[in-house]
$ cat data35.pdb   # PDB, C-alpha atoms (C1' of nucleotides)
MODEL        1
ATOM      1  CA  MET A   1       0.000   0.000   0.000
ATOM      2  CA  ARG A   2       1.301   3.430  -0.976
ATOM      3  CA  LYS A   3       1.454   6.333   1.446
ATOM      4  CA  ASN A   4       2.040  10.015   0.908
ATOM      5  CA  THR A   5       4.248  12.202   3.132
ATOM      6  CA  LYS A   6       1.485  12.388   5.716
ATOM      7  CA  GLY A   7       1.186   8.623   5.837
ATOM      8  CA  GLN A   8      -2.256   8.605   4.267
ATOM      9  CA  ASP A   9      -3.332   5.987   1.851
ATOM     10  CA  THR A  10      -3.118   7.615  -1.536
ATOM     11  CA  GLU A  11      -3.910   4.752  -3.837
ATOM     12  CA  GLN A  12      -6.385   5.738  -6.464
ATOM     13  CA  LYS A  13      -8.691   2.848  -6.555
ATOM     14  CA  LEU A  14     -11.831   3.607  -8.475
ATOM     15  CA  THR A  15     -10.314   3.267 -11.925
ATOM     16  CA  PRO A  16     -12.349   3.965 -15.068
ATOM     17  CA  GLN A  17     -12.882   0.239 -15.559
ATOM     18  CA  ARG A  18     -14.154  -0.242 -12.035
ATOM     19  CA  GLU A  19     -16.349   2.792 -12.333
ATOM     20  CA  VAL A  20     -17.926   1.481 -15.510
ATOM     21  CA  VAL A  21     -18.622  -1.869 -13.883
ATOM     22  CA  LEU A  22     -20.174  -0.105 -10.899
ATOM     23  CA  GLN A  23     -22.311   2.080 -13.155
ATOM     24  CA  VAL A  24     -23.542  -0.904 -15.122
ATOM     25  CA  ILE A  25     -24.757  -2.500 -11.907
ATOM     26  CA  ARG A  26     -26.244   0.726 -10.583
ATOM     27  CA  ASP A  27     -28.048   1.397 -13.841
ATOM     28  CA  THR A  28     -30.177  -1.704 -13.687
ATOM     29  CA  GLU A  29     -33.003  -2.884 -11.526
ATOM     30  CA  GLN A  30     -32.031  -6.380 -12.507
ATOM     31  CA  HIS A  31     -29.328  -8.493 -10.991
ATOM     32  CA  PRO A  32     -26.901  -9.108 -13.821
ATOM     33  CA  THR A  33     -24.363 -11.893 -14.084
ATOM     34  CA  ALA A  34     -20.679 -11.240 -14.655
ATOM     35  CA  GLY A  35     -21.192 -12.096 -18.319
ATOM     36  CA  GLU A  36     -24.010  -9.596 -18.693
ATOM     37  CA  ILE A  37     -21.956  -6.977 -16.919
ATOM     38  CA  PHE A  38     -19.071  -7.649 -19.285
ATOM     39  CA  GLU A  39     -21.292  -7.149 -22.327
ATOM     40  CA  ALA A  40     -22.725  -3.896 -20.990
ATOM     41  CA  ALA A  41     -19.351  -2.600 -19.814
ATOM     42  CA  ARG A  42     -17.869  -3.271 -23.219
ATOM     43  CA  LYS A  43     -20.337  -0.900 -24.827
ATOM     44  CA  ARG A  44     -19.130   1.908 -22.611
ATOM     45  CA  LEU A  45     -15.480   0.988 -22.561
ATOM     46  CA  PRO A  46     -14.622  -1.134 -25.590
ATOM     47  CA  GLY A  47     -11.526  -3.165 -24.938
ATOM     48  CA  ILE A  48     -12.249  -3.902 -21.314
ATOM     49  CA  SER A  49     -11.423  -7.514 -20.662
ATOM     50  CA  TYR A  50     -13.378 -10.240 -18.980
ATOM     51  CA  ALA A  51     -10.713 -10.626 -16.333
ATOM     52  CA  THR A  52     -10.959  -6.949 -15.504
ATOM     53  CA  VAL A  53     -14.678  -7.266 -14.995
ATOM     54  CA  TYR A  54     -14.027 -10.056 -12.518
ATOM     55  CA  ASN A  55     -11.255  -8.102 -10.850
ATOM     56  CA  SER A  56     -13.513  -5.086 -10.612
ATOM     57  CA  LEU A  57     -16.360  -7.107  -9.209
ATOM     58  CA  ARG A  58     -14.086  -8.472  -6.511
ATOM     59  CA  PHE A  59     -12.849  -5.006  -5.720
ATOM     60  CA  LEU A  60     -16.337  -3.513  -5.586
ATOM     61  CA  ARG A  61     -17.590  -6.364  -3.471
ATOM     62  CA  GLU A  62     -14.731  -5.992  -1.009
ATOM     63  CA  ALA A  63     -15.244  -2.243  -0.929
ATOM     64  CA  GLY A  64     -18.892  -2.845  -0.059
ATOM     65  CA  LEU A  65     -20.159  -1.082  -3.178
ATOM     66  CA  VAL A  66     -22.002  -4.051  -4.632
ATOM     67  CA  ARG A  67     -23.184  -7.357  -3.302
ATOM     68  CA  GLU A  68     -22.734 -10.782  -4.838
ATOM     69  CA  ILE A  69     -25.646 -13.175  -4.713
ATOM     70  CA  SER A  70     -25.627 -16.770  -5.714
ATOM     71  CA  PHE A  71     -28.326 -19.348  -5.655
ATOM     72  CA  GLY A  72     -28.163 -22.768  -7.159
ATOM     73  CA  ASP A  73     -28.430 -22.165 -10.842
ATOM     74  CA  SER A  74     -25.024 -21.375 -12.248
ATOM     75  CA  ALA A  75     -23.592 -17.862 -12.374
ATOM     76  CA  SER A  76     -23.438 -15.384  -9.525
ATOM     77  CA  ARG A  77     -25.455 -12.235  -9.856
ATOM     78  CA  TYR A  78     -24.616  -8.776  -8.626
ATOM     79  CA  ASP A  79     -26.837  -6.469  -6.661
ATOM     80  CA  ARG A  80     -26.480  -2.705  -6.372
ATOM     81  CA  GLU A  81     -28.291  -2.796  -3.035
ATOM     82  CA  VAL A  82     -25.720  -3.342  -0.312
ATOM     83  CA  GLU A  83     -27.863  -2.881   2.764
ATOM     84  CA  ARG A  84     -29.145  -6.026   4.430
ATOM     85  CA  HIS A  85     -32.141  -7.339   2.567
ATOM     86  CA  ASP A  86     -33.847 -10.491   1.427
ATOM     87  CA  HIS A  87     -34.513 -12.088  -1.930
ATOM     88  CA  ALA A  88     -37.569 -13.545  -3.572
ATOM     89  CA  ILE A  89     -37.070 -15.802  -6.568
ATOM     90  CA  CYS A  90     -39.860 -16.713  -8.957
ATOM     91  CA  THR A  91     -39.941 -20.459  -9.510
ATOM     92  CA  ASN A  92     -41.686 -19.920 -12.823
ATOM     93  CA  CYS A  93     -39.810 -17.154 -14.638
ATOM     94  CA  GLY A  94     -36.673 -16.934 -12.531
ATOM     95  CA  LYS A  95     -37.144 -13.287 -11.645
ATOM     96  CA  LEU A  96     -35.223 -12.153  -8.566
ATOM     97  CA  VAL A  97     -36.426  -9.240  -6.488
ATOM     98  CA  ASP A  98     -35.194  -7.604  -3.317
ATOM     99  CA  PHE A  99     -37.377  -6.988  -0.324
ATOM    100  CA  ASN A 100     -37.018  -6.258   3.344
ATOM    101  CA  LEU A 101     -38.274  -8.398   6.117
ATOM    102  CA  PRO A 102     -39.245  -6.432   9.209
ATOM    103  CA  ASP A 103     -37.380  -7.087  12.461
ATOM    104  CA  ALA A 104     -34.285  -8.615  10.930
ATOM    105  CA  ALA A 105     -32.513  -8.054  14.251
ATOM    106  CA  GLY A 106     -35.010 -10.238  16.088
ATOM    107  CA  LEU A 107     -34.685 -12.892  13.437
ATOM    108  CA  LEU A 108     -30.935 -12.857  13.778
ATOM    109  CA  ARG A 109     -31.212 -13.308  17.524
ATOM    110  CA  VAL A 110     -33.574 -16.259  17.232
ATOM    111  CA  ALA A 111     -31.482 -17.883  14.498
ATOM    112  CA  ALA A 112     -28.335 -17.480  16.598
ATOM    113  CA  ARG A 113     -29.984 -19.134  19.579
ATOM    114  CA  LYS A 114     -31.319 -22.042  17.529
ATOM    115  CA  SER A 115     -28.113 -22.688  15.631
ATOM    116  CA  GLN A 116     -25.699 -22.052  18.507
ATOM    117  CA  PHE A 117     -23.712 -19.838  16.151
ATOM    118  CA  LYS A 118     -22.439 -16.361  16.878
ATOM    119  CA  ALA A 119     -24.490 -14.614  14.233
ATOM    120  CA  GLU A 120     -23.056 -12.074  11.859
ATOM    121  CA  SER A 121     -25.930 -11.801   9.411
ATOM    122  CA  VAL A 122     -29.051 -13.556   8.264
ATOM    123  CA  GLN A 123     -30.585 -13.615   4.873
ATOM    124  CA  LEU A 124     -33.873 -15.067   3.872
ATOM    125  CA  THR A 125     -34.769 -16.435   0.475
ATOM    126  CA  LEU A 126     -38.347 -16.856  -0.574
ATOM    127  CA  LEU A 127     -39.253 -19.164  -3.428
ATOM    128  CA  GLY A 128     -42.604 -18.636  -5.040
ATOM    129  CA  LEU A 129     -44.463 -16.943  -7.859
ATOM    130  CA  CYS A 130     -43.892 -13.318  -8.722
ATOM    131  CA  PRO A 131     -46.858 -10.975  -9.287
ATOM    132  CA  GLU A 132     -46.662 -11.469 -13.072
ATOM    133  CA  CYS A 133     -46.688 -15.262 -12.794
ATOM    134  CA  HIS A 134     -49.787 -15.774 -10.690
TER     135      HIS A 134
ATOM    136  CA  MET B   1     -43.198 -44.107 -19.456
ATOM    137  CA  ARG B   2     -43.932 -47.794 -19.337
ATOM    138  CA  LYS B   3     -47.254 -49.200 -18.131
ATOM    139  CA  ASN B   4     -48.343 -52.681 -17.152
ATOM    140  CA  THR B   5     -51.671 -54.266 -18.098
ATOM    141  CA  LYS B   6     -53.442 -52.284 -15.393
ATOM    142  CA  GLY B   7     -52.002 -49.035 -16.690
ATOM    143  CA  GLN B   8     -49.850 -48.539 -13.636
ATOM    144  CA  ASP B   9     -46.421 -47.078 -13.811
ATOM    145  CA  THR B  10     -44.082 -49.997 -13.415
ATOM    146  CA  GLU B  11     -40.708 -48.427 -14.026
ATOM    147  CA  GLN B  12     -38.203 -49.493 -11.476
ATOM    148  CA  LYS B  13     -36.339 -46.397 -10.646
ATOM    149  CA  LEU B  14     -34.169 -46.833  -7.595
ATOM    150  CA  THR B  15     -31.325 -48.583  -9.358
ATOM    151  CA  PRO B  16     -28.315 -49.931  -7.451
ATOM    152  CA  GLN B  17     -26.295 -46.881  -8.462
ATOM    153  CA  ARG B  18     -28.952 -44.487  -7.231
ATOM    154  CA  GLU B  19     -29.334 -46.423  -4.047
ATOM    155  CA  VAL B  20     -25.613 -46.248  -3.332
ATOM    156  CA  VAL B  21     -25.612 -42.503  -3.895
ATOM    157  CA  LEU B  22     -28.579 -42.144  -1.565
ATOM    158  CA  GLN B  23     -26.914 -44.270   1.098
ATOM    159  CA  VAL B  24     -23.715 -42.256   0.911
ATOM    160  CA  ILE B  25     -25.671 -39.091   1.612
ATOM    161  CA  ARG B  26     -27.739 -40.695   4.360
ATOM    162  CA  ASP B  27     -24.680 -42.124   6.043
ATOM    163  CA  THR B  28     -23.105 -38.779   6.790
ATOM    164  CA  GLU B  29     -23.922 -35.901   9.066
ATOM    165  CA  GLN B  30     -21.933 -33.730   6.722
ATOM    166  CA  HIS B  31     -23.116 -32.155   3.521
ATOM    167  CA  PRO B  32     -20.922 -33.727   0.852
ATOM    168  CA  THR B  33     -20.200 -32.344  -2.583
ATOM    169  CA  ALA B  34     -20.793 -34.345  -5.763
ATOM    170  CA  GLY B  35     -17.071 -35.101  -5.866
ATOM    171  CA  GLU B  36     -17.062 -36.433  -2.315
ATOM    172  CA  ILE B  37     -20.132 -38.486  -3.054
ATOM    173  CA  PHE B  38     -18.452 -39.919  -6.122
ATOM    174  CA  GLU B  39     -15.403 -40.971  -4.108
ATOM    175  CA  ALA B  40     -17.519 -42.621  -1.428
ATOM    176  CA  ALA B  41     -19.871 -44.271  -3.919
ATOM    177  CA  ARG B  42     -16.914 -45.704  -5.789
ATOM    178  CA  LYS B  43     -15.832 -47.612  -2.700
ATOM    179  CA  ARG B  44     -19.181 -49.364  -2.570
ATOM    180  CA  LEU B  45     -19.725 -49.759  -6.272
ATOM    181  CA  PRO B  46     -16.416 -49.620  -8.114
ATOM    182  CA  GLY B  47     -16.938 -48.628 -11.701
ATOM    183  CA  ILE B  48     -19.704 -46.154 -11.057
ATOM    184  CA  SER B  49     -19.079 -43.119 -13.182
ATOM    185  CA  TYR B  50     -19.059 -39.466 -12.341
ATOM    186  CA  ALA B  51     -21.893 -38.845 -14.749
ATOM    187  CA  THR B  52     -24.002 -41.466 -13.033
ATOM    188  CA  VAL B  53     -23.466 -39.772  -9.695
ATOM    189  CA  TYR B  54     -24.729 -36.550 -11.221
ATOM    190  CA  ASN B  55     -27.634 -38.327 -12.882
ATOM    191  CA  SER B  56     -28.486 -40.015  -9.613
ATOM    192  CA  LEU B  57     -28.289 -36.774  -7.691
ATOM    193  CA  ARG B  58     -30.703 -35.163 -10.109
ATOM    194  CA  PHE B  59     -33.037 -38.115  -9.839
ATOM    195  CA  LEU B  60     -32.906 -38.173  -6.047
ATOM    196  CA  ARG B  61     -33.409 -34.439  -5.855
ATOM    197  CA  GLU B  62     -36.425 -34.574  -8.140
ATOM    198  CA  ALA B  63     -37.817 -37.507  -6.197
ATOM    199  CA  GLY B  64     -37.506 -35.445  -3.024
ATOM    200  CA  LEU B  65     -35.105 -37.885  -1.416
ATOM    201  CA  VAL B  66     -32.222 -35.462  -0.983
ATOM    202  CA  ARG B  67     -31.850 -31.728  -1.097
ATOM    203  CA  GLU B  68     -29.288 -29.721  -2.986
ATOM    204  CA  ILE B  69     -27.794 -26.703  -1.273
ATOM    205  CA  SER B  70     -25.564 -24.150  -2.848
ATOM    206  CA  PHE B  71     -24.022 -21.044  -1.480
ATOM    207  CA  GLY B  72     -21.457 -18.910  -3.209
ATOM    208  CA  ASP B  73     -18.318 -20.981  -3.024
ATOM    209  CA  SER B  74     -18.175 -23.402  -5.906
ATOM    210  CA  ALA B  75     -19.618 -26.891  -5.579
ATOM    211  CA  SER B  76     -23.153 -27.747  -4.527
ATOM    212  CA  ARG B  77     -23.595 -29.811  -1.439
ATOM    213  CA  TYR B  78     -26.221 -32.424  -0.740
ATOM    214  CA  ASP B  79     -28.332 -32.759   2.346
ATOM    215  CA  ARG B  80     -30.105 -35.899   3.526
ATOM    216  CA  GLU B  81     -32.614 -33.747   5.404
ATOM    217  CA  VAL B  82     -35.470 -32.944   3.058
ATOM    218  CA  GLU B  83     -37.886 -31.319   5.469
ATOM    219  CA  ARG B  84     -37.910 -27.538   5.510
ATOM    220  CA  HIS B  85     -35.027 -26.212   7.553
ATOM    221  CA  ASP B  86     -32.442 -23.482   7.699
ATOM    222  CA  HIS B  87     -28.679 -23.381   7.373
ATOM    223  CA  ALA B  88     -25.930 -21.801   9.388
ATOM    224  CA  ILE B  89     -22.544 -21.400   7.750
ATOM    225  CA  CYS B  90     -19.376 -20.675   9.692
ATOM    226  CA  THR B  91     -17.515 -17.767   8.130
ATOM    227  CA  ASN B  92     -14.297 -19.017   9.674
ATOM    228  CA  CYS B  93     -14.134 -22.756   9.029
ATOM    229  CA  GLY B  94     -16.896 -23.156   6.451
ATOM    230  CA  LYS B  95     -18.870 -25.638   8.505
ATOM    231  CA  LEU B  96     -22.495 -25.941   7.484
ATOM    232  CA  VAL B  97     -25.136 -27.045   9.946
ATOM    233  CA  ASP B  98     -28.892 -27.473   9.759
ATOM    234  CA  PHE B  99     -31.263 -25.939  12.224
ATOM    235  CA  ASN B 100     -34.923 -25.100  12.505
ATOM    236  CA  LEU B 101     -36.336 -21.680  12.983
ATOM    237  CA  PRO B 102     -39.567 -21.644  14.955
ATOM    238  CA  ASP B 103     -42.718 -20.374  13.263
ATOM    239  CA  ALA B 104     -41.575 -20.857   9.714
ATOM    240  CA  ALA B 105     -45.203 -20.529   8.629
ATOM    241  CA  GLY B 106     -45.453 -17.043  10.077
ATOM    242  CA  LEU B 107     -42.207 -16.083   8.440
ATOM    243  CA  LEU B 108     -43.466 -17.316   5.110
ATOM    244  CA  ARG B 109     -46.603 -15.234   5.468
ATOM    245  CA  VAL B 110     -44.707 -12.061   6.301
ATOM    246  CA  ALA B 111     -42.195 -12.631   3.510
ATOM    247  CA  ALA B 112     -45.000 -13.192   1.016
ATOM    248  CA  ARG B 113     -46.689  -9.966   2.027
ATOM    249  CA  LYS B 114     -43.494  -7.934   1.826
ATOM    250  CA  SER B 115     -42.345  -9.361  -1.481
ATOM    251  CA  GLN B 116     -45.759  -9.540  -3.156
ATOM    252  CA  PHE B 117     -44.905 -13.089  -4.188
ATOM    253  CA  LYS B 118     -47.122 -16.111  -3.805
ATOM    254  CA  ALA B 119     -44.835 -17.959  -1.405
ATOM    255  CA  GLU B 120     -43.954 -21.596  -1.794
ATOM    256  CA  SER B 121     -41.143 -21.828   0.715
ATOM    257  CA  VAL B 122     -38.721 -19.719   2.677
ATOM    258  CA  GLN B 123     -35.244 -20.572   3.738
ATOM    259  CA  LEU B 124     -32.995 -18.643   6.018
ATOM    260  CA  THR B 125     -29.222 -18.647   5.949
ATOM    261  CA  LEU B 126     -27.243 -17.492   8.904
ATOM    262  CA  LEU B 127     -23.625 -16.472   8.524
ATOM    263  CA  GLY B 128     -21.535 -16.405  11.656
ATOM    264  CA  LEU B 129     -19.137 -18.366  13.820
ATOM    265  CA  CYS B 130     -19.809 -21.949  14.774
ATOM    266  CA  PRO B 131     -19.413 -23.079  18.403
ATOM    267  CA  GLU B 132     -15.878 -24.365  17.726
ATOM    268  CA  CYS B 133     -14.752 -21.095  16.168
ATOM    269  CA  HIS B 134     -15.681 -18.662  18.911
TER     270      HIS B 134
ATOM    271  C1'  DT C   1     -38.172 -67.510 -24.416
ATOM    272  C1'  DT C   2     -36.999 -64.160 -27.626
ATOM    273  C1'  DT C   3     -37.669 -59.558 -29.037
ATOM    274  C1'  DT C   4     -37.736 -54.973 -28.273
ATOM    275  C1'  DA C   5     -38.397 -50.262 -26.704
ATOM    276  C1'  DG C   6     -37.191 -47.364 -23.394
ATOM    277  C1'  DA C   7     -34.423 -46.250 -19.474
ATOM    278  C1'  DT C   8     -29.884 -46.233 -17.472
ATOM    279  C1'  DT C   9     -24.956 -46.358 -17.296
ATOM    280  C1'  DT C  10     -20.521 -45.454 -18.982
ATOM    281  C1'  DA C  11     -16.266 -42.885 -20.621
ATOM    282  C1'  DG C  12     -14.910 -39.145 -22.279
ATOM    283  C1'  DA C  13     -15.690 -34.811 -24.712
ATOM    284  C1'  DA C  14     -17.724 -30.350 -24.177
ATOM    285  C1'  DT C  15     -19.335 -26.386 -21.785
ATOM    286  C1'  DT C  16     -19.390 -22.836 -18.355
ATOM    287  C1'  DA C  17     -17.978 -19.877 -14.664
ATOM    288  C1'  DG C  18     -14.303 -18.136 -12.753
ATOM    289  C1'  DT C  19      -9.152 -17.703 -11.705
ATOM    290  C1'  DC C  20      -4.351 -17.309 -12.847
ATOM    291  C1'  DT C  21      -0.263 -15.705 -15.351
ATOM    292  C1'  DA C  22       2.935 -12.855 -17.417
ATOM    293  C1'  DA C  23       3.657  -9.029 -20.113
ATOM    294  C1'  DA C  24       2.204  -4.355 -21.069
ATOM    295  C1'  DT C  25       0.437  -0.114 -19.270
ATOM    296  C1'  DC C  26      -0.704   3.306 -16.066
ATOM    297  C1'  DT C  27      -0.212   6.366 -11.980
ATOM    298  C1'  DC C  28       1.637   8.838  -8.348
ATOM    299  C1'  DG C  29       5.216  10.748  -5.672
ATOM    300  C1'  DC C  30       9.711  12.017  -6.225
TER     301       DC C  30
ATOM    302  C1'  DG D   1      11.135  12.234 -16.605
ATOM    303  C1'  DC D   2      11.863   7.961 -13.395
ATOM    304  C1'  DG D   3      10.586   3.999 -11.043
ATOM    305  C1'  DA D   4       7.742   1.181  -7.772
ATOM    306  C1'  DG D   5       3.695  -0.725  -7.318
ATOM    307  C1'  DA D   6      -1.039  -1.264  -8.910
ATOM    308  C1'  DT D   7      -3.984  -2.351 -12.749
ATOM    309  C1'  DT D   8      -5.276  -4.111 -17.201
ATOM    310  C1'  DT D   9      -5.055  -7.268 -20.851
ATOM    311  C1'  DA D  10      -5.320 -11.710 -23.586
ATOM    312  C1'  DG D  11      -5.291 -15.971 -23.252
ATOM    313  C1'  DA D  12      -4.255 -20.246 -20.824
ATOM    314  C1'  DC D  13      -6.001 -22.870 -17.139
ATOM    315  C1'  DT D  14      -9.086 -25.147 -13.564
ATOM    316  C1'  DA D  15     -13.075 -27.000 -11.481
ATOM    317  C1'  DA D  16     -17.877 -28.112 -11.605
ATOM    318  C1'  DT D  17     -21.261 -29.791 -14.247
ATOM    319  C1'  DT D  18     -23.617 -31.279 -18.507
ATOM    320  C1'  DC D  19     -23.780 -33.550 -22.856
ATOM    321  C1'  DT D  20     -23.119 -37.334 -26.173
ATOM    322  C1'  DA D  21     -23.178 -41.601 -28.157
ATOM    323  C1'  DA D  22     -22.475 -46.281 -27.580
ATOM    324  C1'  DA D  23     -23.206 -50.202 -24.547
ATOM    325  C1'  DT D  24     -26.095 -52.415 -21.215
ATOM    326  C1'  DC D  25     -30.067 -53.482 -18.676
ATOM    327  C1'  DT D  26     -35.016 -54.362 -17.766
ATOM    328  C1'  DA D  27     -39.604 -55.528 -18.139
ATOM    329  C1'  DA D  28     -43.536 -55.934 -21.236
ATOM    330  C1'  DA D  29     -45.068 -57.931 -25.479
ATOM    331  C1'  DA D  30     -44.900 -61.341 -28.807
TER     332       DA D  30
ENDMDL
END

$ encode --input "data35.pdb" --output "structure tokens"
Amino acid sequence: MRKNTKGQDTEQKLTPQREVVLQVIRDTEQHPTAGEIFEAARKRLPGISYATVYNSLRFLREAGLVREISFGDSASRYDREVERHDHAICTNCGKLVDFNLPDAAGLLRVAARKSQFKAESVQLTLLGLCPECH
Amino acid sequence: MRKNTKGQDTEQKLTPQREVVLQVIRDTEQHPTAGEIFEAARKRLPGISYATVYNSLRFLREAGLVREISFGDSASRYDREVERHDHAICTNCGKLVDFNLPDAAGLLRVAARKSQFKAESVQLTLLGLCPECH
DNA sequence: TTTTAGATTTAGAATTAGTCTAAATCTCGC
DNA sequence: GCGAGATTTAGACTAATTCTAAATCTAAAA
């Protein structure tokens, strides 16, 4: 890590590539996969490579700017919403939406007691039919 | 689909290979990956192929005899417990344990209301430290 | 009992998501 | 402008899983 004369961290981190990846994710309501992000990023920054998209996604995830979500079927998806929240997945069309369960803190407490774990976070996934599919 | 003279479905489905795969999963408290299942199955039925393990896992999953669980890191794991339950994952050692949250029905109702989905099931994942790691 | 159609298994090729590598490029502080 | 360290790139690589096509099995029909 680089420091300036005052000992502060002076690394410039949000490079153009990373910024484009972040914008792609922020510009959609959807939850795109790395492949979809690559395609969209390429339109704004032709020449960006697949590896850079992955590097950027790791960086953004570690910086807390995006969230990675993965459920069974293949590729991870990325979510612009970084606050704690839950997911609903449509078993018919595959649509994934965010929502917030009330009293997440209480849920965390109960889950910790039941599992004997020291809880850090809880996340709930609902499987069902989205409004369009029922 | 084959039928006998009475029109009943007579296909025999739980082949020796599938049965071995099922037994491997039932014989462990752990949640093995397909690769681990393949290794264990091979000891009981040398010559079983990787593809057959995958075929069997799909069959068993669709028959409701095992459950597939997948969280971010790579390979799916398989769970002998098929009743509704929740998972706790240790962020330090990766251990995965099952537990049951009380009032799952109430949770499902609240989640359905908040998400506007017609709920089929809910599953909660707790991330934290297992008893050995704290 | 032989035939046969469909299901299953097998080995290995193919696909897919994601990571790694090494060289080229960039950036910042000097 | 120089040089260290970070970043990007293209493409090779890996790991998980699926696909394919041929061989085998099974149970009903002949």

$ residues_around --input "data35.pdb" --residues "Arg42 in chain B" --least-positions-apart "6" --cutoff "10 Å" --atoms "all atoms listed in the file" --output "number ranges by chain"
B: 17, 20-21, 36, 48-50, 53

$ resolve_selection --input "data35.pdb" --expression "the PyMOL selection byres ((chain A and resi 30) around 12)" --output "list in words"
Val24, Ile25, Arg26, Asp27, Thr28, Glu29, His31, Pro32, Thr33, Glu36, Ile37, Arg77, Tyr78, Asp79, Arg80, Glu81, Gly94, Lys95, Leu96, Val97 and Asp98 of chain A

$ interface_residues --input "data35.pdb" --of "chain D" --to "chain B" --cutoff "9 Å" --atoms "all atoms listed in the file" --output "PyMOL selection string"
chain D and resi 15-18+26-28

$ atom_distance --input "data35.pdb" --atom1 "C1' of DT2 in chain C" --atom2 "C1' of DT24 in chain D"
17.3 Å

$ residues_around --input "data35.pdb" --residues "DC19 in chain D" --least-positions-apart "2" --cutoff "9 Å" --atoms "all atoms listed in the file" --output "list in words"
DA13, DA14 and DT15 of chain C

$ resolve_selection --input "data35.pdb" --expression "the PyMOL selection byres ((chain C and resi 21) around 12)" --output "ChimeraX atom specification"
/A:51 /C:19-20,22-23 /D:9-13

$ resolve_selection --input "data35.pdb" --expression "the PyMOL selection byres ((chain C) within 9 of (chain B))" --output "count of residues only"
6

$ closest_residue --input "data35.pdb" --among "B:Ala40, B:His87, B:Gly106, B:Ser70" --to "chain A" --atoms "only C-alpha atoms"
B:Ser70

$ closest_atom_pairs --input "data35.pdb" --of "chain A" --to "chain B" --cutoff "7 Å" --atoms "only C-alpha atoms" --output "CSV"
residue,atom,partner,partner_atom,distance
A:Ser70,CA,B:Gly72,CA,5.3
A:Phe71,CA,B:Ser70,CA,6.2
A:Gly72,CA,B:Ser70,CA,5.2
A:Ala88,CA,B:Ser115,CA,6.7
A:Phe99,CA,B:Ser115,CA,5.6
A:Asn100,CA,B:Lys114,CA,6.9
A:Leu101,CA,B:Ala111,CA,6.3
A:Ala111,CA,B:Leu101,CA,6.3
A:Lys114,CA,B:Phe99,CA,6.6
A:Ser115,CA,B:Phe99,CA,5.7
A:Gln116,CA,B:Pro131,CA,6.4
A:Phe117,CA,B:Cys130,CA,4.6
A:Lys118,CA,B:Leu129,CA,4.9
A:Ala119,CA,B:Gly128,CA,4.3
A:Glu120,CA,B:Gly128,CA,4.6
A:Ser121,CA,B:Leu127,CA,5.3
A:Val122,CA,B:Leu126,CA,4.4
A:Gln123,CA,B:Thr125,CA,5.3
A:Leu124,CA,B:Leu124,CA,4.3
A:Thr125,CA,B:Gln123,CA,5.3
A:Leu126,CA,B:Val122,CA,4.3
A:Leu127,CA,B:Ser121,CA,5.3
A:Gly128,CA,B:Ala119,CA,4.3
A:Leu129,CA,B:Lys118,CA,4.9
A:Cys130,CA,B:Phe117,CA,4.7
A:Pro131,CA,B:Phe117,CA,5.9

$ write_last_selection --input "data35.pdb" --atoms "C-alpha atoms" --output "mmCIF file, in the frame of the given file"
data_model
loop_
_atom_site.group_PDB
_atom_site.id
_atom_site.type_symbol
_atom_site.label_atom_id
_atom_site.label_comp_id
_atom_site.auth_asym_id
_atom_site.auth_seq_id
_atom_site.Cartn_x
_atom_site.Cartn_y
_atom_site.Cartn_z
ATOM 1 C CA SER A 70 -25.627 -16.770 -5.714
ATOM 2 C CA PHE A 71 -28.326 -19.348 -5.655
ATOM 3 C CA GLY A 72 -28.163 -22.768 -7.159
ATOM 4 C CA ALA A 88 -37.569 -13.545 -3.572
ATOM 5 C CA PHE A 99 -37.377 -6.988 -0.324
ATOM 6 C CA ASN A 100 -37.018 -6.258 3.344
ATOM 7 C CA LEU A 101 -38.274 -8.398 6.117
ATOM 8 C CA ALA A 111 -31.482 -17.883 14.498
ATOM 9 C CA LYS A 114 -31.319 -22.042 17.529
ATOM 10 C CA SER A 115 -28.113 -22.688 15.631
ATOM 11 C CA GLN A 116 -25.699 -22.052 18.507
ATOM 12 C CA PHE A 117 -23.712 -19.838 16.151
ATOM 13 C CA LYS A 118 -22.439 -16.361 16.878
ATOM 14 C CA ALA A 119 -24.490 -14.614 14.233
ATOM 15 C CA GLU A 120 -23.056 -12.074 11.859
ATOM 16 C CA SER A 121 -25.930 -11.801 9.411
ATOM 17 C CA VAL A 122 -29.051 -13.556 8.264
ATOM 18 C CA GLN A 123 -30.585 -13.615 4.873
ATOM 19 C CA LEU A 124 -33.873 -15.067 3.872
ATOM 20 C CA THR A 125 -34.769 -16.435 0.475
ATOM 21 C CA LEU A 126 -38.347 -16.856 -0.574
ATOM 22 C CA LEU A 127 -39.253 -19.164 -3.428
ATOM 23 C CA GLY A 128 -42.604 -18.636 -5.040
ATOM 24 C CA LEU A 129 -44.463 -16.943 -7.859
ATOM 25 C CA CYS A 130 -43.892 -13.318 -8.722
ATOM 26 C CA PRO A 131 -46.858 -10.975 -9.287
#

$ decode --input "data35.pdb" --residues "range 3-14 of chain C" --atoms "C-alpha atoms (C1' of nucleotides)" --output "PDB file, in the first residue's frame"
ATOM      1  C1'  DT C   3     -37.669 -59.558 -29.037  1.00  0.00           C
ATOM      2  C1'  DT C   4     -37.736 -54.973 -28.273  1.00  0.00           C
ATOM      3  C1'  DA C   5     -38.397 -50.262 -26.704  1.00  0.00           C
ATOM      4  C1'  DG C   6     -37.191 -47.364 -23.394  1.00  0.00           C
ATOM      5  C1'  DA C   7     -34.423 -46.250 -19.474  1.00  0.00           C
ATOM      6  C1'  DT C   8     -29.884 -46.233 -17.472  1.00  0.00           C
ATOM      7  C1'  DT C   9     -24.956 -46.358 -17.296  1.00  0.00           C
ATOM      8  C1'  DT C  10     -20.521 -45.454 -18.982  1.00  0.00           C
ATOM      9  C1'  DA C  11     -16.266 -42.885 -20.621  1.00  0.00           C
ATOM     10  C1'  DG C  12     -14.910 -39.145 -22.279  1.00  0.00           C
ATOM     11  C1'  DA C  13     -15.690 -34.811 -24.712  1.00  0.00           C
ATOM     12  C1'  DA C  14     -17.724 -30.350 -24.177  1.00  0.00           C
TER      13       DA C  14
END
